[in-house]
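*Asks:* I have a structure I would like to understand better, so I am pasting it below and will then ask my questions one at a time.
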Amino acid sequence: MTDKRFEGSDTYVATRDLMLAVNAAVTLGRPILIKGEPGTGKTQLAAEIAKVLERPLLQWHIKSTTRAQQGLYEYDAVARLRDSQLGDDRVQDIANYIVPGTLWEAFQADTQPVVLIDEIDKADIEFPNDLLLELDRMEFYVYETRQTVRARHRPIVVITSNNEKELPDAFLRRCFFHYIQFPDTATMEQIVDVHYPGLKKDLLSAALNRFYDVREVPGLKKKPSTSELLDWLKLLLAEDIPAEALKADDKRSCIPPMYGALLKNEQDVQLFERLVFLNRRDAR
Amino acid sequence: MLADFFFSLRDAGLKPSITEYLTLLEALKADQANASVDDFYYLSRATLVKDEALFDRFDRVFGVFFKNIDDALDWDQLEIPLEWLRSQGARLLSEKDRQKIEAMGGWEQLLEEFRKRAEEQEGRHQGGDKWIGTGGTSPYGHDGYHPEGIRVGGKSRHRRAVKVWEKREFRNLDSQREIGTRNLKLALRRLRRFAREGAADQLDLDGTIDATARNAGYLDLKMVPERHNAVKVLLCLDVGGSMNPHVRLCEQLFSAARAEFKHLEYYYFHNCVYENLWRDNRHRRTELIPTAEVLHKYGPDYKLIFVGDASMSPYELAYAGGSVEHWNDEPGALWLKRLLNTYAKAIWLNPEPEQHWRYTQSVGMVRELLEDRMYPMTLQGLDAGIRQLQ
């Protein structure tokens, strides 16, 4: 158990509910499932927990072809076959060809590690079910060597999901759950402040206004998120764009500079340009 | 007391399990709530609710359940002066209506009833900050007792700071929710048929051992292509008219099917398939695709799934020119037969409940054409249908 509590860091702003959920999950040794819009810092969270609690971070990024077994271990049959051809002595012991996966590594770590299972919804629909026992009891059985791998310290497991697939109830029941909401203006100012300290007040407020305006545009396929805002601010700073350029008389009558950082989809850009055009025509 | 809270959550349609409840107790024991109601709210939400779409419902139950603790929230603060009501009523209501109200037990009773109704309404539709107008309490008279309605709920009611759960920040998510596609997906999974196609990039262990043994013990690696789901599905959806009430269900099926199959082709029709189908409902008049082309394009290895209520005029199936939308040279039944002749594996999913089928003549006709391969669009029906397709 750790005495330290997670309360955000100098590079990550955590809301009260997030802190509470993380701390409860850490204390009870349960996995925590994080959902939220893309770009709200789900993946970042695991890194920050590891940093604040001073724990090693192990990452397991899930793809559509990932199987649960790969997180535990894999049996390298090809290497064994090759060694048998070469007459290597290692071939006698099957344990030499068992390659541990991320969870095995985590279970064997000397200090309690933070394990990130990133984008669990990308995998096959049965994937979470295959990990139930492993995450519940924090142990698994290796058939090839007939040994049971048990966690020395229950790792802090952070699981992120983008909601592409629904997760099974049995899996959800074992997790704490937190939904990262899109930050309100006050939180957003804090977040920006953490990333770009000393940003000019007027530039920030003008940029934030424009940003929330763009988010309000109905029918956008992909609303810009926090990470896009941060990129955009970086561009604005690099190009040294004055705050006045962001403050149009009628906010909707011109396209914000460097909008490419905010809108990532050509249909969205077109939609936005069309709206701006309509607004301008109405203004006349 | 927490057990009561747990059961009121279950009553509200949330499904927290006993394990989750025990987790919450464990967390409380570990002193995670810091003796604060706000923290308890966050903690119980993180342990008991696992879907952000249900957060709003949780907020409502939490609000109702913990209002005793907070004591301030009470309907006493919903002040509607009886005198005012009486005078307004006298001015606005007809004699008949007034008699009706007296018959219901008088003004006091009415007000009491209204309070109850309002509370109920807050529980049922998130409508606490809507104007409860004349329509909402229509049993009390045609014109109601206040033409502008009474503002109930929200911040104006309680003279205190709004609590977190009363902000109801997750209200939007509740209405956008998409239920149960997981179940549909699981049913559709049965249809999967794996096949190895494409580049050989995986080790074939059995093949390698076999080949190595034949090769007098010298390693002979064999590779196979990766397994892919090779099932091909042609989905024809009925849109418009009588299908409108089932749009939601169809959307769910569609989104589930889309995620599950690599080869999913979909087309729309109205009531019955004729010589043209379309892929985009907005351009259904302009971008038509001849059915003959569809028949030609997709081979007989496709599995055909119709989704529709099959409720139409019998003429649409039986006669040329029977279509409600256009002049069709050939009857719908002929086109259905053509499709069925090409695709041996075909089913019809009907969102109408099975017990209503026999009241519509056209349903019977379609069933006959499909040789009884019509299934209700429930999980069970889908399961049976998929089995038929295998």
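Residue numbering restarts at 1 for every chain of the structure tokens, chains are lettered A, B, ... in their displayed order, and ligands are numbered from 1 as they appear.
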With a cut-off of 9 Å, could you pull out the residues of chain A touching chain B and give me the nearest pair of atoms for each, distance in Å to one decimal, using only C-alpha atoms, ordered by chain and ascending number, as a tab-separated table?
*Replies:*
```
residue	atom	partner	partner_atom	distance
A:Arg16	CA	B:Asp39	CA	8.3
A:Asp17	CA	B:Tyr42	CA	5.5
A:Leu18	CA	B:Tyr42	CA	8.4
A:Leu20	CA	B:Leu43	CA	6.6
A:Ala21	CA	B:Ala46	CA	6.0
A:Asn23	CA	B:Gln32	CA	7.6
A:Ala24	CA	B:Gln32	CA	6.0
A:Ala25	CA	B:Ala27	CA	8.5
A:Thr27	CA	B:Ala30	CA	7.6
A:Leu28	CA	B:Ala27	CA	6.8
A:Ile32	CA	B:Ala46	CA	8.9
A:Leu33	CA	B:Lys50	CA	8.6
A:Lys35	CA	B:Glu52	CA	8.3
A:Gly36	CA	B:Glu52	CA	8.8
A:Ala77	CA	B:Leu205	CA	7.9
A:Val78	CA	B:Leu203	CA	8.2
A:Leu81	CA	B:Leu219	CA	7.1
A:Arg82	CA	B:Leu219	CA	7.2
A:Ser84	CA	B:Leu219	CA	8.9
A:Gln85	CA	B:Tyr218	CA	6.6
A:Ile125	CA	B:Leu186	CA	8.4
A:Lys165	CA	B:Arg182	CA	7.5
A:Glu166	CA	B:Arg182	CA	6.0
A:Leu167	CA	B:Arg182	CA	7.9
A:Pro168	CA	B:Arg182	CA	8.0
A:Asp169	CA	B:Lys50	CA	8.6
A:Leu172	CA	B:Lys50	CA	6.2
A:Arg173	CA	B:Glu20	CA	6.1
A:Arg174	CA	B:Glu20	CA	7.4
A:Cys175	CA	B:Thr47	CA	7.4
A:Phe176	CA	B:Thr47	CA	5.1
A:Phe177	CA	B:Ala46	CA	4.7
A:His178	CA	B:Ala46	CA	5.8
A:Tyr179	CA	B:Glu52	CA	6.2
```
*Asks:* Quick one: residues within 12 Å of Leu369 of chain B, only C-alpha atoms counted, chain neighbours fewer than 5 positions away excluded, as a list in words?
*Replies:* Ala310, Leu317, Ala318, Gly332, Ala333, Leu334, Trp335, Leu336, Lys337, Arg338, Leu339, Leu340, Asn341, Ala346, Ile347, Trp348, Ser362, Val363, Gly364 and Met374 of chain B
*Asks:* Atom CA of Leu235 of chain B to atom CA of Tyr266 of chain B: how many Å, to one decimal?
*Replies:*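 If I compute the distance from atom CA of Leu235 of chain B to atom CA of Tyr266 of chain B, I get 4.5 Å.
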*Asks:* Among segment 28-81 of chain A, which residues does DSSP mark as strand (DSSP E or B) when it is run on the backbone? Keep the chain and numbering as in the structure and answer as JSON, numbers by chain.
*Replies:* {"A": [32, 33, 34, 35, 36, 57, 58, 59, 60, 61, 73, 74, 75]}
*Asks:* Save the residues we just selected, all heavy atoms, as a compact mmCIF listing (two decimals), in the first residue's frame?
*Replies:*
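Wrote it out as selection24.txt, contents follow:
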```txt
# COMPACT_ATOMS: atom_id res chain seq x y z
N ILE A 32 -8.87 0.53 -12.33
CA ILE A 32 -9.76 1.67 -12.57
C ILE A 32 -9.93 1.85 -14.07
O ILE A 32 -8.97 1.82 -14.83
CB ILE A 32 -9.25 2.96 -11.89
CG1 ILE A 32 -10.19 4.11 -12.21
CG2 ILE A 32 -7.82 3.31 -12.27
CD1 ILE A 32 -10.07 5.27 -11.27
N LEU A 33 -11.18 1.95 -14.48
CA LEU A 33 -11.51 2.10 -15.89
C LEU A 33 -11.78 3.58 -16.17
O LEU A 33 -12.60 4.20 -15.49
CB LEU A 33 -12.75 1.27 -16.23
CG LEU A 33 -13.34 1.45 -17.61
CD1 LEU A 33 -12.40 0.92 -18.67
CD2 LEU A 33 -14.68 0.74 -17.72
N ILE A 34 -11.08 4.14 -17.15
CA ILE A 34 -11.23 5.56 -17.48
C ILE A 34 -11.84 5.68 -18.86
O ILE A 34 -11.35 5.13 -19.83
CB ILE A 34 -9.85 6.26 -17.49
CG1 ILE A 34 -9.13 6.05 -16.16
CG2 ILE A 34 -10.01 7.73 -17.79
CD1 ILE A 34 -9.67 6.85 -15.03
N LYS A 35 -12.94 6.40 -18.94
CA LYS A 35 -13.54 6.70 -20.24
C LYS A 35 -13.57 8.20 -20.43
O LYS A 35 -13.42 8.96 -19.48
CB LYS A 35 -14.97 6.17 -20.30
CG LYS A 35 -15.09 4.73 -20.70
CD LYS A 35 -16.42 4.49 -21.37
CE LYS A 35 -17.26 3.44 -20.66
NZ LYS A 35 -18.61 3.36 -21.20
N GLY A 36 -13.86 8.64 -21.62
CA GLY A 36 -13.96 10.07 -21.88
C GLY A 36 -13.70 10.37 -23.34
O GLY A 36 -13.25 9.51 -24.08
N LEU A 57 6.16 2.47 -14.51
CA LEU A 57 4.97 2.39 -15.37
C LEU A 57 5.18 1.33 -16.44
O LEU A 57 6.20 1.31 -17.12
CB LEU A 57 4.72 3.75 -16.03
CG LEU A 57 3.61 3.78 -17.08
CD1 LEU A 57 2.25 3.58 -16.43
CD2 LEU A 57 3.63 5.07 -17.86
N LEU A 58 4.23 0.42 -16.55
CA LEU A 58 4.28 -0.59 -17.60
C LEU A 58 3.08 -0.36 -18.52
O LEU A 58 1.96 -0.20 -18.04
CB LEU A 58 4.20 -1.99 -17.00
CG LEU A 58 5.40 -2.38 -16.14
CD1 LEU A 58 5.09 -3.61 -15.32
CD2 LEU A 58 6.61 -2.61 -17.02
N GLN A 59 3.34 -0.32 -19.82
CA GLN A 59 2.25 0.00 -20.74
C GLN A 59 1.93 -1.18 -21.64
O GLN A 59 2.82 -1.85 -22.13
CB GLN A 59 2.63 1.19 -21.62
CG GLN A 59 3.04 2.38 -20.80
CD GLN A 59 3.20 3.61 -21.66
OE1 GLN A 59 2.48 3.81 -22.62
NE2 GLN A 59 4.17 4.44 -21.30
N TRP A 60 0.66 -1.37 -21.84
CA TRP A 60 0.20 -2.41 -22.76
C TRP A 60 -0.82 -1.77 -23.67
O TRP A 60 -1.94 -1.50 -23.26
CB TRP A 60 -0.38 -3.58 -21.97
CG TRP A 60 -0.81 -4.74 -22.80
CD1 TRP A 60 -0.44 -5.01 -24.08
CD2 TRP A 60 -1.68 -5.80 -22.40
NE1 TRP A 60 -1.02 -6.16 -24.51
CE2 TRP A 60 -1.78 -6.68 -23.51
CE3 TRP A 60 -2.37 -6.11 -21.24
CZ2 TRP A 60 -2.56 -7.83 -23.47
CZ3 TRP A 60 -3.14 -7.26 -21.21
CH2 TRP A 60 -3.23 -8.11 -22.30
N HIS A 61 -0.41 -1.49 -24.89
CA HIS A 61 -1.32 -0.84 -25.85
C HIS A 61 -2.05 -1.91 -26.63
O HIS A 61 -1.43 -2.80 -27.22
CB HIS A 61 -0.54 0.08 -26.77
CG HIS A 61 0.13 1.19 -26.04
ND1 HIS A 61 -0.55 2.30 -25.61
CD2 HIS A 61 1.40 1.34 -25.61
CE1 HIS A 61 0.28 3.09 -24.96
NE2 HIS A 61 1.47 2.54 -24.94
N TYR A 73 1.80 -14.24 -21.25
CA TYR A 73 3.07 -14.75 -21.77
C TYR A 73 2.84 -15.32 -23.15
O TYR A 73 1.70 -15.56 -23.55
CB TYR A 73 3.65 -15.83 -20.84
CG TYR A 73 2.82 -17.09 -20.79
CD1 TYR A 73 3.06 -18.14 -21.67
CD2 TYR A 73 1.79 -17.22 -19.87
CE1 TYR A 73 2.29 -19.28 -21.64
CE2 TYR A 73 1.02 -18.36 -19.83
CZ TYR A 73 1.27 -19.39 -20.71
OH TYR A 73 0.51 -20.53 -20.68
N GLU A 74 3.92 -15.54 -23.88
CA GLU A 74 3.84 -16.22 -25.16
C GLU A 74 4.90 -17.31 -25.23
O GLU A 74 5.98 -17.18 -24.65
CB GLU A 74 4.04 -15.22 -26.29
CG GLU A 74 2.78 -14.47 -26.64
CD GLU A 74 2.98 -13.49 -27.76
OE1 GLU A 74 3.78 -12.56 -27.59
OE2 GLU A 74 2.33 -13.67 -28.79
N TYR A 75 4.54 -18.36 -25.91
CA TYR A 75 5.48 -19.48 -26.06
C TYR A 75 6.13 -19.36 -27.42
O TYR A 75 5.44 -19.40 -28.44
CB TYR A 75 4.69 -20.79 -25.90
CG TYR A 75 5.48 -22.03 -26.26
CD1 TYR A 75 6.78 -22.19 -25.78
CD2 TYR A 75 4.92 -23.01 -27.05
CE1 TYR A 75 7.50 -23.32 -26.12
CE2 TYR A 75 5.63 -24.14 -27.38
CZ TYR A 75 6.93 -24.30 -26.91
OH TYR A 75 7.64 -25.41 -27.25
```
*Asks:* I want to know what sits within 8 Å of Lys222 of chain A, based on only C-alpha atoms, with residues of the same chain fewer than 2 positions away left out; could you give that as a list in words?
*Replies:* Leu220, Pro224, Leu263, Lys264, Asn265 and Asp268 of chain A
*Asks:* Write out as an MDAnalysis selection string all residues of segment 298-389 of chain B that backbone DSSP assigns to helix (DSSP H, G or I).
*Replies:* chainID B and resid 314:318 332:342 354:359 361:369 379:389
*Asks:* Please, what distance in Å, to one decimal, runs between atom CA of Ala238 of chain A and atom CA of Asp213 of chain A?
*Replies:*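 Distance between the two atoms: 22.5 Å.
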*Asks:* With distances taken over only C-alpha atoms, which of B:Lys29, B:Arg358, B:His326, B:Lys345 is nearest to Tyr274 of chain B?
*Replies:*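 Going through B:Lys29, B:Arg358, B:His326, B:Lys345 one by one, the smallest distance to Tyr274 of chain B is for B:His326.
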